[in-house]
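Reproduced below: entry19.cif, with mmCIF, C-alpha atoms; chains and numbers go by the auth columns.
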data_data
loop_
_atom_site.group_PDB
_atom_site.id
_atom_site.type_symbol
_atom_site.label_atom_id
_atom_site.label_comp_id
_atom_site.label_asym_id
_atom_site.label_seq_id
_atom_site.Cartn_x
_atom_site.Cartn_y
_atom_site.Cartn_z
_atom_site.B_iso_or_equiv
_atom_site.auth_seq_id
_atom_site.auth_asym_id
ATOM 1 C CA MET A 1 0.000 0.000 0.000 0.00 274 A
ATOM 2 C CA ASP A 2 1.214 3.522 -0.846 0.00 275 A
ATOM 3 C CA ASP A 3 1.491 5.512 2.390 0.00 276 A
ATOM 4 C CA THR A 4 2.572 8.722 0.644 0.00 277 A
ATOM 5 C CA PRO A 5 0.386 11.626 1.876 0.00 278 A
ATOM 6 C CA VAL A 6 -2.399 12.732 -0.470 0.00 279 A
ATOM 7 C CA GLY A 7 -1.072 15.184 -3.038 0.00 280 A
ATOM 8 C CA LEU A 8 2.539 14.024 -2.651 0.00 281 A
ATOM 9 C CA ARG A 9 2.403 10.810 -4.669 0.00 282 A
ATOM 10 C CA PRO A 10 5.488 10.694 -6.952 0.00 283 A
ATOM 11 C CA VAL A 11 4.609 11.769 -10.486 0.00 284 A
ATOM 12 C CA SER A 12 6.052 10.137 -13.591 0.00 285 A
ATOM 13 C CA SER A 13 8.392 12.244 -15.708 0.00 286 A
ATOM 14 C CA ALA A 14 5.908 11.649 -18.546 0.00 287 A
ATOM 15 C CA VAL A 15 3.573 14.282 -17.109 0.00 288 A
ATOM 16 C CA THR A 16 3.884 17.542 -15.212 0.00 289 A
ATOM 17 C CA PRO A 17 2.457 18.485 -11.780 0.00 290 A
ATOM 18 C CA SER A 18 -1.259 19.336 -11.754 0.00 291 A
ATOM 19 C CA TYR A 19 -1.796 17.005 -14.691 0.00 292 A
ATOM 20 C CA VAL A 20 -5.357 15.710 -14.944 0.00 293 A
ATOM 21 C CA ILE A 21 -6.643 12.758 -16.929 0.00 294 A
ATOM 22 C CA ALA A 22 -10.451 12.459 -17.004 0.00 295 A
ATOM 23 C CA ILE A 23 -12.031 9.148 -17.984 0.00 296 A
ATOM 24 C CA ASP A 24 -15.782 9.051 -18.589 0.00 297 A
ATOM 25 C CA GLY A 25 -18.202 6.383 -19.636 0.00 298 A
ATOM 26 C CA PRO A 26 -21.301 4.390 -18.730 0.00 299 A
ATOM 27 C CA SER A 27 -21.462 1.814 -15.965 0.00 300 A
ATOM 28 C CA GLY A 28 -19.693 -1.442 -16.765 0.00 301 A
ATOM 29 C CA ALA A 29 -17.441 0.055 -19.439 0.00 302 A
ATOM 30 C CA GLY A 30 -14.390 -0.713 -17.320 0.00 303 A
ATOM 31 C CA LYS A 31 -13.422 2.892 -16.712 0.00 304 A
ATOM 32 C CA SER A 32 -12.499 2.386 -13.036 0.00 305 A
ATOM 33 C CA SER A 33 -10.088 -0.487 -13.706 0.00 306 A
ATOM 34 C CA THR A 34 -8.602 1.451 -16.622 0.00 307 A
ATOM 35 C CA SER A 35 -8.179 4.577 -14.494 0.00 308 A
ATOM 36 C CA ARG A 36 -6.470 2.685 -11.675 0.00 309 A
ATOM 37 C CA GLY A 37 -4.094 1.086 -14.170 0.00 310 A
ATOM 38 C CA VAL A 38 -3.265 4.403 -15.828 0.00 311 A
ATOM 39 C CA ALA A 39 -2.721 6.118 -12.475 0.00 312 A
ATOM 40 C CA ASP A 40 -0.434 3.332 -11.297 0.00 313 A
ATOM 41 C CA ARG A 41 1.522 3.326 -14.576 0.00 314 A
ATOM 42 C CA LEU A 42 2.084 7.099 -14.482 0.00 315 A
ATOM 43 C CA GLY A 43 2.498 7.446 -10.715 0.00 316 A
ATOM 44 C CA LEU A 44 -0.613 9.585 -10.290 0.00 317 A
ATOM 45 C CA ARG A 45 -3.360 9.738 -7.674 0.00 318 A
ATOM 46 C CA TYR A 46 -6.773 8.260 -8.481 0.00 319 A
ATOM 47 C CA LEU A 47 -10.314 9.391 -7.737 0.00 320 A
ATOM 48 C CA ASP A 48 -13.489 7.412 -8.402 0.00 321 A
ATOM 49 C CA THR A 49 -16.277 10.000 -8.417 0.00 322 A
ATOM 50 C CA GLY A 50 -18.893 7.309 -8.953 0.00 323 A
ATOM 51 C CA ALA A 51 -17.914 5.762 -5.611 0.00 324 A
ATOM 52 C CA MET A 52 -18.602 9.129 -3.992 0.00 325 A
ATOM 53 C CA PHE A 53 -22.147 9.196 -5.361 0.00 326 A
ATOM 54 C CA ARG A 54 -22.644 5.600 -4.277 0.00 327 A
ATOM 55 C CA ALA A 55 -21.308 6.385 -0.803 0.00 328 A
ATOM 56 C CA LEU A 56 -23.749 9.245 -0.382 0.00 329 A
ATOM 57 C CA THR A 57 -26.553 7.010 -1.648 0.00 330 A
ATOM 58 C CA TRP A 58 -25.575 4.406 0.952 0.00 331 A
ATOM 59 C CA ALA A 59 -25.711 7.099 3.638 0.00 332 A
ATOM 60 C CA VAL A 60 -29.134 8.248 2.443 0.00 333 A
ATOM 61 C CA LEU A 61 -30.474 4.702 2.624 0.00 334 A
ATOM 62 C CA GLU A 62 -28.903 4.074 6.037 0.00 335 A
ATOM 63 C CA ALA A 63 -30.568 7.260 7.323 0.00 336 A
ATOM 64 C CA GLY A 64 -33.957 6.016 6.104 0.00 337 A
ATOM 65 C CA VAL A 65 -34.336 8.825 3.567 0.00 338 A
ATOM 66 C CA ASP A 66 -36.486 8.007 0.544 0.00 339 A
ATOM 67 C CA VAL A 67 -34.194 8.205 -2.519 0.00 340 A
ATOM 68 C CA THR A 68 -37.171 9.244 -4.671 0.00 341 A
ATOM 69 C CA ASP A 69 -37.852 12.289 -2.463 0.00 342 A
ATOM 70 C CA ALA A 70 -35.477 14.847 -3.980 0.00 343 A
ATOM 71 C CA ASP A 71 -36.194 17.468 -1.310 0.00 344 A
ATOM 72 C CA ALA A 72 -35.444 15.044 1.514 0.00 345 A
ATOM 73 C CA VAL A 73 -32.253 13.866 -0.186 0.00 346 A
ATOM 74 C CA ALA A 74 -31.169 17.481 -0.738 0.00 347 A
ATOM 75 C CA ALA A 75 -31.804 18.320 2.927 0.00 348 A
ATOM 76 C CA TYR A 76 -29.696 15.368 4.059 0.00 349 A
ATOM 77 C CA ALA A 77 -26.915 15.661 1.463 0.00 350 A
ATOM 78 C CA ALA A 78 -24.602 17.862 3.550 0.00 351 A
ATOM 79 C CA THR A 79 -24.826 15.663 6.663 0.00 352 A
ATOM 80 C CA PRO A 80 -22.481 12.684 6.174 0.00 353 A
ATOM 81 C CA LEU A 81 -18.691 13.068 6.088 0.00 354 A
ATOM 82 C CA LEU A 82 -17.212 11.401 3.013 0.00 355 A
ATOM 83 C CA VAL A 83 -13.508 10.610 2.658 0.00 356 A
ATOM 84 C CA SER A 84 -12.086 9.254 -0.612 0.00 357 A
ATOM 85 C CA GLY A 85 -8.653 7.643 -0.678 0.00 358 A
ATOM 86 C CA THR A 86 -6.538 8.323 -3.779 0.00 359 A
ATOM 87 C CA ASP A 87 -4.168 5.353 -3.896 0.00 360 A
ATOM 88 C CA PRO A 88 -4.930 3.548 -7.203 0.00 361 A
ATOM 89 C CA LEU A 89 -3.697 0.235 -5.811 0.00 362 A
ATOM 90 C CA GLU A 90 -5.919 0.385 -2.712 0.00 363 A
ATOM 91 C CA PRO A 91 -8.688 2.946 -3.266 0.00 364 A
ATOM 92 C CA THR A 92 -10.903 3.560 -0.244 0.00 365 A
ATOM 93 C CA ILE A 93 -14.188 5.299 0.500 0.00 366 A
ATOM 94 C CA GLU A 94 -15.541 6.049 3.975 0.00 367 A
ATOM 95 C CA VAL A 95 -18.742 7.571 5.349 0.00 368 A
ATOM 96 C CA ASP A 96 -18.476 9.001 8.858 0.00 369 A
ATOM 97 C CA GLY A 97 -15.437 6.799 9.471 0.00 370 A
ATOM 98 C CA VAL A 98 -17.095 3.613 8.181 0.00 371 A
ATOM 99 C CA ASP A 99 -15.442 1.716 5.311 0.00 372 A
ATOM 100 C CA VAL A 100 -18.213 1.321 2.718 0.00 373 A
ATOM 101 C CA ALA A 101 -16.140 0.137 -0.269 0.00 374 A
ATOM 102 C CA GLU A 102 -18.034 -3.157 -0.434 0.00 375 A
ATOM 103 C CA ALA A 103 -21.406 -1.942 0.808 0.00 376 A
ATOM 104 C CA ILE A 104 -21.761 0.642 -1.962 0.00 377 A
ATOM 105 C CA ARG A 105 -21.728 -2.123 -4.587 0.00 378 A
ATOM 106 C CA GLY A 106 -24.868 -3.735 -3.174 0.00 379 A
ATOM 107 C CA ALA A 107 -28.188 -3.986 -5.003 0.00 380 A
ATOM 108 C CA ALA A 108 -29.947 -1.308 -2.939 0.00 381 A
ATOM 109 C CA VAL A 109 -27.292 1.309 -3.663 0.00 382 A
ATOM 110 C CA THR A 110 -27.162 0.344 -7.334 0.00 383 A
ATOM 111 C CA ALA A 111 -30.931 0.749 -7.581 0.00 384 A
ATOM 112 C CA GLY A 112 -30.949 4.145 -5.861 0.00 385 A
ATOM 113 C CA VAL A 113 -27.801 5.891 -7.045 0.00 386 A
ATOM 114 C CA SER A 114 -29.313 7.376 -10.215 0.00 387 A
ATOM 115 C CA GLN A 115 -32.066 9.120 -8.234 0.00 388 A
ATOM 116 C CA VAL A 116 -29.648 10.464 -5.640 0.00 389 A
ATOM 117 C CA SER A 117 -27.135 11.539 -8.296 0.00 390 A
ATOM 118 C CA ALA A 118 -29.777 13.587 -10.098 0.00 391 A
ATOM 119 C CA VAL A 119 -30.418 15.832 -7.064 0.00 392 A
ATOM 120 C CA PRO A 120 -28.685 19.219 -7.676 0.00 393 A
ATOM 121 C CA ALA A 121 -27.668 19.649 -4.018 0.00 394 A
ATOM 122 C CA VAL A 122 -25.902 16.272 -4.124 0.00 395 A
ATOM 123 C CA ARG A 123 -24.066 17.134 -7.328 0.00 396 A
ATOM 124 C CA THR A 124 -23.045 20.545 -5.983 0.00 397 A
ATOM 125 C CA ARG A 125 -21.590 19.145 -2.770 0.00 398 A
ATOM 126 C CA LEU A 126 -19.715 16.281 -4.392 0.00 399 A
ATOM 127 C CA LEU A 127 -18.467 18.457 -7.235 0.00 400 A
ATOM 128 C CA GLU A 128 -16.898 20.829 -4.709 0.00 401 A
ATOM 129 C CA MET A 129 -15.211 17.874 -2.996 0.00 402 A
ATOM 130 C CA GLN A 130 -13.975 16.459 -6.296 0.00 403 A
ATOM 131 C CA ARG A 131 -12.485 19.751 -7.423 0.00 404 A
ATOM 132 C CA ALA A 132 -10.769 20.209 -4.062 0.00 405 A
ATOM 133 C CA ILE A 133 -9.114 16.791 -4.432 0.00 406 A
ATOM 134 C CA ILE A 134 -8.135 17.499 -8.040 0.00 407 A
ATOM 135 C CA ARG A 135 -6.471 20.768 -7.017 0.00 408 A
ATOM 136 C CA LEU A 136 -4.057 18.866 -4.738 0.00 409 A
ATOM 137 C CA GLY A 137 -2.041 17.646 -7.721 0.00 410 A
ATOM 138 C CA SER A 138 -1.782 15.312 -10.684 0.00 411 A
ATOM 139 C CA ILE A 139 -4.549 12.734 -10.793 0.00 412 A
ATOM 140 C CA VAL A 140 -6.643 10.370 -12.888 0.00 413 A
ATOM 141 C CA VAL A 141 -10.337 11.055 -12.306 0.00 414 A
ATOM 142 C CA VAL A 142 -13.074 8.672 -13.353 0.00 415 A
ATOM 143 C CA GLY A 143 -16.837 9.211 -13.596 0.00 416 A
ATOM 144 C CA ARG A 144 -19.859 9.350 -15.833 0.00 417 A
ATOM 145 C CA ASP A 145 -19.494 13.050 -16.627 0.00 418 A
ATOM 146 C CA ILE A 146 -16.217 14.137 -15.051 0.00 419 A
ATOM 147 C CA GLY A 147 -14.676 15.408 -18.288 0.00 420 A
ATOM 148 C CA SER A 148 -17.643 17.638 -19.069 0.00 421 A
ATOM 149 C CA VAL A 149 -18.277 18.953 -15.538 0.00 422 A
ATOM 150 C CA GLY A 150 -15.784 18.301 -12.741 0.00 423 A
ATOM 151 C CA ALA A 151 -12.541 18.320 -14.740 0.00 424 A
ATOM 152 C CA ARG A 152 -13.310 20.322 -17.867 0.00 425 A
ATOM 153 C CA GLU A 153 -9.721 21.587 -18.035 0.00 426 A
ATOM 154 C CA ALA A 154 -8.195 18.103 -17.970 0.00 427 A
ATOM 155 C CA GLN A 155 -5.213 17.778 -20.274 0.00 428 A
ATOM 156 C CA VAL A 156 -6.480 14.387 -21.446 0.00 429 A
ATOM 157 C CA LYS A 157 -10.126 13.354 -21.711 0.00 430 A
ATOM 158 C CA VAL A 158 -11.205 9.851 -22.607 0.00 431 A
ATOM 159 C CA SER A 159 -14.717 8.574 -23.214 0.00 432 A
ATOM 160 C CA ARG A 160 -14.618 4.825 -22.670 0.00 433 A
ATOM 161 C CA THR A 161 -17.521 2.726 -23.967 0.00 434 A
ATOM 162 C CA ALA A 162 -18.283 -0.903 -24.801 0.00 435 A
ATOM 163 C CA ASP A 163 -21.305 -2.715 -26.161 0.00 436 A
ATOM 164 C CA ALA A 164 -24.018 -3.547 -23.669 0.00 437 A
ATOM 165 C CA GLN A 165 -23.368 -7.293 -23.646 0.00 438 A
ATOM 166 C CA ALA A 166 -19.654 -6.846 -22.909 0.00 439 A
ATOM 167 C CA ARG A 167 -20.420 -4.332 -20.171 0.00 440 A
ATOM 168 C CA ALA A 168 -22.962 -6.676 -18.599 0.00 441 A
ATOM 169 C CA ALA A 169 -20.556 -9.620 -18.658 0.00 442 A
ATOM 170 C CA ARG A 170 -17.842 -7.540 -16.957 0.00 443 A
ATOM 171 C CA ARG A 171 -20.159 -6.175 -14.294 0.00 444 A
ATOM 172 C CA ALA A 172 -21.724 -9.593 -13.609 0.00 445 A
ATOM 173 C CA ALA A 173 -18.238 -11.059 -13.129 0.00 446 A
ATOM 174 C CA GLU A 174 -17.329 -8.220 -10.745 0.00 447 A
ATOM 175 C CA GLU A 175 -20.447 -9.021 -8.729 0.00 448 A
ATOM 176 C CA GLY A 176 -19.483 -12.663 -8.299 0.00 449 A
ATOM 177 C CA GLY A 177 -21.357 -14.262 -11.160 0.00 450 A
ATOM 178 C CA ALA A 178 -24.588 -12.272 -11.249 0.00 451 A
ATOM 179 C CA ASP A 179 -27.088 -12.999 -14.017 0.00 452 A
ATOM 180 C CA VAL A 180 -25.756 -11.364 -17.194 0.00 453 A
ATOM 181 C CA ALA A 181 -29.175 -10.725 -18.763 0.00 454 A
ATOM 182 C CA ALA A 182 -30.509 -9.044 -15.631 0.00 455 A
ATOM 183 C CA THR A 183 -27.283 -7.041 -15.294 0.00 456 A
ATOM 184 C CA ARG A 184 -27.564 -5.901 -18.910 0.00 457 A
ATOM 185 C CA ALA A 185 -31.137 -4.726 -18.365 0.00 458 A
ATOM 186 C CA SER A 186 -30.085 -2.837 -15.230 0.00 459 A
ATOM 187 C CA LEU A 187 -27.184 -1.126 -17.037 0.00 460 A
ATOM 188 C CA LEU A 188 -29.360 -0.047 -19.947 0.00 461 A
ATOM 189 C CA ARG A 189 -32.020 1.251 -17.563 0.00 462 A
ATOM 190 C CA ARG A 190 -29.442 3.365 -15.751 0.00 463 A
ATOM 191 C CA ASP A 191 -28.050 4.625 -19.069 0.00 464 A
ATOM 192 C CA ARG A 192 -31.529 5.896 -19.980 0.00 465 A
ATOM 193 C CA VAL A 193 -31.970 7.625 -16.627 0.00 466 A
ATOM 194 C CA ASP A 194 -28.514 9.206 -16.676 0.00 467 A
ATOM 195 C CA SER A 195 -28.820 10.353 -20.299 0.00 468 A
ATOM 196 C CA ALA A 196 -32.210 11.972 -19.690 0.00 469 A
ATOM 197 C CA ARG A 197 -31.464 13.803 -16.436 0.00 470 A
ATOM 198 C CA SER A 198 -31.232 17.591 -16.572 0.00 471 A
ATOM 199 C CA ALA A 199 -28.250 17.787 -14.195 0.00 472 A
ATOM 200 C CA ALA A 200 -25.039 16.765 -15.988 0.00 473 A
ATOM 201 C CA PRO A 201 -26.484 14.103 -18.317 0.00 474 A
ATOM 202 C CA LEU A 202 -24.344 11.206 -19.513 0.00 475 A
ATOM 203 C CA THR A 203 -22.622 12.499 -22.647 0.00 476 A
ATOM 204 C CA MET A 204 -19.271 12.489 -24.405 0.00 477 A
ATOM 205 C CA PRO A 205 -17.166 15.420 -23.161 0.00 478 A
ATOM 206 C CA GLU A 206 -15.991 18.014 -25.657 0.00 479 A
ATOM 207 C CA GLY A 207 -12.450 17.244 -26.784 0.00 480 A
ATOM 208 C CA ALA A 208 -12.517 13.658 -25.509 0.00 481 A
ATOM 209 C CA THR A 209 -10.952 10.725 -27.315 0.00 482 A
ATOM 210 C CA HIS A 210 -13.466 7.918 -27.750 0.00 483 A
ATOM 211 C CA ILE A 211 -12.255 4.388 -27.041 0.00 484 A
ATOM 212 C CA ASP A 212 -14.603 1.456 -27.630 0.00 485 A
ATOM 213 C CA THR A 213 -13.130 -1.241 -25.405 0.00 486 A
ATOM 214 C CA THR A 214 -15.359 -4.117 -26.506 0.00 487 A
ATOM 215 C CA ASP A 215 -12.559 -5.927 -28.341 0.00 488 A
ATOM 216 C CA PHE A 216 -9.581 -4.791 -26.228 0.00 489 A
ATOM 217 C CA THR A 217 -8.041 -6.238 -23.093 0.00 490 A
ATOM 218 C CA LEU A 218 -7.674 -4.066 -20.011 0.00 491 A
ATOM 219 C CA GLU A 219 -3.906 -3.801 -20.518 0.00 492 A
ATOM 220 C CA GLU A 220 -4.399 -2.708 -24.126 0.00 493 A
ATOM 221 C CA VAL A 221 -6.792 0.060 -23.066 0.00 494 A
ATOM 222 C CA ILE A 222 -4.457 1.223 -20.304 0.00 495 A
ATOM 223 C CA ALA A 223 -1.646 1.419 -22.842 0.00 496 A
ATOM 224 C CA GLN A 224 -3.810 3.500 -25.185 0.00 497 A
ATOM 225 C CA VAL A 225 -4.639 6.025 -22.472 0.00 498 A
ATOM 226 C CA VAL A 226 -1.024 6.231 -21.291 0.00 499 A
ATOM 227 C CA ALA A 227 0.026 6.887 -24.897 0.00 500 A
ATOM 228 C CA LEU A 228 -2.551 9.696 -25.151 0.00 501 A
ATOM 229 C CA ALA A 229 -1.217 11.252 -21.942 0.00 502 A
ATOM 230 C CA GLU A 230 2.385 11.077 -23.093 0.00 503 A
ATOM 231 C CA ALA A 231 1.514 12.482 -26.538 0.00 504 A
ATOM 232 C CA ALA A 232 -0.444 15.360 -24.997 0.00 505 A
ATOM 233 C CA GLU A 233 2.445 16.168 -22.672 0.00 506 A
ATOM 234 C CA ALA A 234 4.979 16.077 -25.494 0.00 507 A
ATOM 235 C CA ALA A 235 2.836 18.446 -27.549 0.00 508 A
ATOM 236 C CA SER A 236 2.372 20.977 -24.732 0.00 509 A
#
If you took the structure in this file and wrote it as C-alpha cells, what would it be?
Amino acid sequence: MDDTPVGLRPVSSAVTPSYVIAIDGPSGAGKSSTSRGVADRLGLRYLDTGAMFRALTWAVLEAGVDVTDADAVAAYAATPLLVSGTDPLEPTIEVDGVDVAEAIRGAAVTAGVSQVSAVPAVRTRLLEMQRAIIRLGSIVVVGRDIGSVGAREAQVKVSRTADAQARAARRAAEEGGADVAATRASLLRRDRVDSARSAAPLTMPEGATHIDTTDFTLEEVIAQVVALAEAAEAAS
C-alpha cells in the first residue's frame, strides 16, 4: 500500500504536476479499472467520483431517507462526512469513518444511485469535494461526466464505452457471477436515466478521445490512455 500523503504521490516524468486525466463512460465500461491502471503506470493519484455518489446514496439509505424524495435527499446531502482515498492500488471510501467500499456495490445502492445523483444539491456538494481533491495535484479522475463537468480543463479526456453485452458480462463477473441478462437490463435502464437527467447528463465530453473497449483487453486500453497522456504532454 502507498502511504505517501495525499497530493505528494510521486509523479512520472511523462507528465507535469497538476496534470489531470479524465475518464468518462457508462457503468460497466471498465473505466475504473482502466483509471487505476493508468494512475499506477504514471504514478498519479486516483479518484473514483462514482464511488462518492454511491457512498452518499448508501448514507441516504442508512438514514432512512427516501431516494425518490429529492427534497429530503437534498436536505440530508450535507450531513455525512465522506472521505475518498486516492491510492490507485488500494482505493478507499468512507462515510463518517465507516469503510463502505463493499457496501456501496450492493443492489440497494445500485438501484438508488441514479435518483440520488440527479439531485442538484448532491451534485453541488460532491463536485466541490472532487475539485478540491483534483487541485491537490496530478490525478486520474473517473466518472460518468467528469470530463464535461468536474474536470473540464483536464489535459487528457477519454470517453470509454463498450457494447451492452460486454459491459454486462464484466459487471456480472465483478459481482461474483450475477445474471448477465438481468445485469444488462439494469445497465441499460441506468443509461436511460442518466442520459435523460437535466443535471449533468451522460454524454461524451468536448475534446474527448473515444475508445470502444469491446474488443480490447484491459492492458491494451491502459496502454492506449497512457500513450494519449504522453503524446499530450509532449505536444504541450
I'd like the box whose edges run along x, y and z of the file and which contains every listed atom of region 314-322 of chain A, padded by 5 Å per side; could you state its centre and edge lengths in Å, one decimal, as AutoDock Vina command-line options?
--center_x -6.9 --center_y 6.7 --center_z -11.1 --size_x 28.8 --size_y 16.7 --size_z 16.9
Query raised in the report: Is there a way to get, as a list in words, all residues within 6 Å of the point (-13.4, 7.6, -27.1) in file coordinates, counting only C-alpha atoms?
Result: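 Answer for this query, in the requested form: Val431, Ser432, Arg433, Thr482, His483 and Ile484 of chain A.
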**Report entry** Reference answer for the PyMOL selection byres ((chain A and resi 500) around 12), as a ChimeraX atom specification
**Finding:** /A:287-288,294,311,314-315,429,431,482,493-499,501-507
Query raised in the report: Which is closest to Trp331 (chain A) among A:Ala343, A:Val382, A:Leu317, A:Ile407, if we use only C-alpha atoms?
Result: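 Closest candidate: A:Val382.
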Evaluated on this file, the PyMOL selection byres ((chain A and resi 399-406) around 8) picks out some residues - which ones are they, written as an mmCIF file with C-alpha atoms, in the coordinates of the input?
data_model
loop_
_atom_site.group_PDB
_atom_site.id
_atom_site.type_symbol
_atom_site.label_atom_id
_atom_site.label_comp_id
_atom_site.auth_asym_id
_atom_site.auth_seq_id
_atom_site.Cartn_x
_atom_site.Cartn_y
_atom_site.Cartn_z
ATOM 1 C CA THR A 322 -16.277 10.000 -8.417
ATOM 2 C CA MET A 325 -18.602 9.129 -3.992
ATOM 3 C CA PHE A 326 -22.147 9.196 -5.361
ATOM 4 C CA VAL A 395 -25.902 16.272 -4.124
ATOM 5 C CA ARG A 396 -24.066 17.134 -7.328
ATOM 6 C CA THR A 397 -23.045 20.545 -5.983
ATOM 7 C CA ARG A 398 -21.590 19.145 -2.770
ATOM 8 C CA ILE A 407 -8.135 17.499 -8.040
ATOM 9 C CA ARG A 408 -6.471 20.768 -7.017
ATOM 10 C CA LEU A 409 -4.057 18.866 -4.738
ATOM 11 C CA GLY A 410 -2.041 17.646 -7.721
ATOM 12 C CA GLY A 423 -15.784 18.301 -12.741
ATOM 13 C CA ALA A 424 -12.541 18.320 -14.740
#
Missing atoms in region 431-444 of chain A need filling: write out N, CA and C atoms for it as a PDB file, keeping the file's coordinate frame.
ATOM      1  N   VAL A 431     -10.908  11.094 -21.919  1.00  0.00           N
ATOM      2  CA  VAL A 431     -11.205   9.851 -22.607  1.00  0.00           C
ATOM      3  C   VAL A 431     -12.650   9.467 -22.329  1.00  0.00           C
ATOM      4  N   SER A 432     -13.363   9.102 -23.374  1.00  0.00           N
ATOM      5  CA  SER A 432     -14.717   8.574 -23.214  1.00  0.00           C
ATOM      6  C   SER A 432     -14.648   7.091 -23.538  1.00  0.00           C
ATOM      7  N   ARG A 433     -14.758   6.274 -22.505  1.00  0.00           N
ATOM      8  CA  ARG A 433     -14.618   4.825 -22.670  1.00  0.00           C
ATOM      9  C   ARG A 433     -15.994   4.189 -22.754  1.00  0.00           C
ATOM     10  N   THR A 434     -16.246   3.428 -23.808  1.00  0.00           N
ATOM     11  CA  THR A 434     -17.521   2.726 -23.967  1.00  0.00           C
ATOM     12  C   THR A 434     -17.253   1.268 -24.338  1.00  0.00           C
ATOM     13  N   ALA A 435     -18.327   0.485 -24.337  1.00  0.00           N
ATOM     14  CA  ALA A 435     -18.283  -0.903 -24.801  1.00  0.00           C
ATOM     15  C   ALA A 435     -19.721  -1.293 -25.088  1.00  0.00           C
ATOM     16  N   ASP A 436     -19.914  -2.336 -25.879  1.00  0.00           N
ATOM     17  CA  ASP A 436     -21.305  -2.715 -26.161  1.00  0.00           C
ATOM     18  C   ASP A 436     -21.952  -3.274 -24.902  1.00  0.00           C
ATOM     19  N   ALA A 437     -23.268  -3.227 -24.878  1.00  0.00           N
ATOM     20  CA  ALA A 437     -24.018  -3.547 -23.669  1.00  0.00           C
ATOM     21  C   ALA A 437     -23.749  -4.955 -23.161  1.00  0.00           C
ATOM     22  N   GLN A 438     -23.592  -5.915 -24.076  1.00  0.00           N
ATOM     23  CA  GLN A 438     -23.368  -7.293 -23.646  1.00  0.00           C
ATOM     24  C   GLN A 438     -22.016  -7.440 -22.962  1.00  0.00           C
ATOM     25  N   ALA A 439     -20.988  -6.787 -23.520  1.00  0.00           N
ATOM     26  CA  ALA A 439     -19.654  -6.846 -22.909  1.00  0.00           C
ATOM     27  C   ALA A 439     -19.656  -6.170 -21.550  1.00  0.00           C
ATOM     28  N   ARG A 440     -20.334  -5.038 -21.446  1.00  0.00           N
ATOM     29  CA  ARG A 440     -20.420  -4.332 -20.171  1.00  0.00           C
ATOM     30  C   ARG A 440     -21.113  -5.194 -19.124  1.00  0.00           C
ATOM     31  N   ALA A 441     -22.200  -5.843 -19.536  1.00  0.00           N
ATOM     32  CA  ALA A 441     -22.962  -6.676 -18.599  1.00  0.00           C
ATOM     33  C   ALA A 441     -22.130  -7.866 -18.122  1.00  0.00           C
ATOM     34  N   ALA A 442     -21.377  -8.473 -19.030  1.00  0.00           N
ATOM     35  CA  ALA A 442     -20.556  -9.620 -18.658  1.00  0.00           C
ATOM     36  C   ALA A 442     -19.486  -9.201 -17.654  1.00  0.00           C
ATOM     37  N   ARG A 443     -18.874  -8.024 -17.880  1.00  0.00           N
ATOM     38  CA  ARG A 443     -17.842  -7.540 -16.957  1.00  0.00           C
ATOM     39  C   ARG A 443     -18.430  -7.250 -15.581  1.00  0.00           C
ATOM     40  N   ARG A 444     -19.561  -6.546 -15.570  1.00  0.00           N
ATOM     41  CA  ARG A 444     -20.159  -6.175 -14.294  1.00  0.00           C
ATOM     42  C   ARG A 444     -20.656  -7.406 -13.543  1.00  0.00           C
TER      43      ARG A 444
END
